[in-house]
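Asks: Sharing a structure with you now.
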Amino acid sequence: MLCAPLTLPTCEYKRREPQQEVLHQVLLVHLETFFANIGAESQYLPKHVEKELRDFLKCGVLAHGFVRMRCNECGKSLVVGFSYKGRGFCPSCTGRRMADTSERLVDDTFPENAPVRQWVLSLPIQIRYRLAHDGKLLSDQGLNWRLQM
Ligand SMILES: [Zn+2]
Ligand SMILES: [Zn+2]
């Protein structure tokens, strides 16, 4: 268990309780049946998709790891479950990823004071599927795009 000092008033933070969310409850009950049905029908589910779904059931759940934080103002403490940093399914992880990406774009990529509300990156369809399944290539391309902007 860790104790992390914060500068924000921690006592005002309300932690997410994934076990109370409908999506978590549905997957907790039906995920193994879903996997079994896919196997029984000789269908294939990519390993990374199975891992993403299994990790979703751990994300933010205190039993799978947490950090204890204490408010510097009043001394109250709370625990926050570890995130599994999902990339494609968990609404919490993808929401945080979206916020982090937009912050990085505003701070490091877009020109200062540029009136940007929304941006869209469109790729030629011939390379979309290859990039979707090749994280290293996508990462290399991301670097190149940043350099060219
Ligand atoms: Zn406080
Ligand atoms: Zn998550």
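Chain labels A, B, ... are given in the sequence in which chains occur in the structure tokens; within each chain residues are numbered consecutively from 1, and ligands are likewise numbered from 1 in the order shown.
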Using only C-alpha atoms and all ligand atoms, find each residue with an atom at most 6 Å away from ligand 2 and format the answer as a ChimeraX atom specification.
Replies: /A:56,59,83-86,90,92-93
Asks: How would the residues just chosen look if you wrote them out with N, CA and C atoms as a PDB file, in the first residue's frame?
Replies:
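Okay, this is what ended up in result-v6.pdb:
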```pdb
ATOM      1  N   PHE A  56     -10.824  -5.258 -18.087  1.00  0.00           N
ATOM      2  CA  PHE A  56     -11.902  -4.331 -17.747  1.00  0.00           C
ATOM      3  C   PHE A  56     -12.543  -4.713 -16.410  1.00  0.00           C
ATOM      4  N   CYS A  59     -10.288  -3.329 -13.643  1.00  0.00           N
ATOM      5  CA  CYS A  59      -9.969  -1.907 -13.648  1.00  0.00           C
ATOM      6  C   CYS A  59     -10.752  -1.145 -12.571  1.00  0.00           C
ATOM      7  N   SER A  83      -5.869   1.520 -12.325  1.00  0.00           N
ATOM      8  CA  SER A  83      -6.412   1.440 -13.671  1.00  0.00           C
ATOM      9  C   SER A  83      -5.594   0.430 -14.460  1.00  0.00           C
ATOM     10  N   TYR A  84      -6.252  -0.262 -15.397  1.00  0.00           N
ATOM     11  CA  TYR A  84      -5.529  -1.203 -16.249  1.00  0.00           C
ATOM     12  C   TYR A  84      -5.140  -0.576 -17.575  1.00  0.00           C
ATOM     13  N   LYS A  85      -5.392   0.715 -17.700  1.00  0.00           N
ATOM     14  CA  LYS A  85      -4.972   1.472 -18.887  1.00  0.00           C
ATOM     15  C   LYS A  85      -5.404   0.803 -20.187  1.00  0.00           C
ATOM     16  N   GLY A  86      -6.687   0.419 -20.208  1.00  0.00           N
ATOM     17  CA  GLY A  86      -7.223  -0.188 -21.415  1.00  0.00           C
ATOM     18  C   GLY A  86      -7.199   0.786 -22.574  1.00  0.00           C
ATOM     19  N   CYS A  90     -12.693  -0.093 -21.931  1.00  0.00           N
ATOM     20  CA  CYS A  90     -13.065   0.499 -20.642  1.00  0.00           C
ATOM     21  C   CYS A  90     -13.368   1.988 -20.823  1.00  0.00           C
ATOM     22  N   SER A  92     -13.691   4.315 -18.637  1.00  0.00           N
ATOM     23  CA  SER A  92     -12.852   5.147 -17.770  1.00  0.00           C
ATOM     24  C   SER A  92     -11.461   5.328 -18.370  1.00  0.00           C
ATOM     25  N   CYS A  93     -10.856   4.218 -18.789  1.00  0.00           N
ATOM     26  CA  CYS A  93      -9.506   4.290 -19.368  1.00  0.00           C
ATOM     27  C   CYS A  93      -9.499   5.069 -20.677  1.00  0.00           C
TER      28      CYS A  93
END
```
Asks: Do you know which residues are at most 9 Å from A:Arg16 counting only C-alpha atoms, after dropping those on the same chain fewer than 6 positions away, and could you put them as number ranges by chain?
Replies: A: 60-61, 80-81, 92
Asks: Would you save the residues of that selection, restricted to C-alpha atoms, as a compact mmCIF listing (two decimals), in the first residue's frame?
Replies:
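Once written, part13.txt looks like this:
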```
# COMPACT_ATOMS: atom_id res chain seq x y z
CA GLY A 60 -10.63 0.24 -10.60
CA VAL A 61 -11.56 -2.75 -8.43
CA VAL A 80 -8.44 4.55 -5.50
CA GLY A 81 -8.26 1.32 -7.48
CA SER A 92 -12.85 5.15 -17.77
```
Asks: Return as a ChimeraX atom specification every polymer residue, whether protein, DNA or RNA, with at least one atom no more than 8 Å from an atom of ligand 1; count only C-alpha atoms and all ligand atoms.
Replies: /A:9-12,70-76
Asks: With distances taken over only C-alpha atoms, which of A:Met69, A:Leu137, A:Leu105, A:Val79 is nearest to A:Arg117?
Replies: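 With only C-alpha atoms as the atom set, the closest residue is A:Leu105.
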Asks: I need the residues of chain A that end up classed as strand (DSSP E) by DSSP on the backbone, written out as a list in words.
Replies: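 Reading the DSSP output for chain A, strand (DSSP E) covers Cys3, Ala4, Pro5, Phe66, Val67, Arg68, Met69, Arg70, Ser77, Leu78, Val79, Val80 and Gly81 of chain A.
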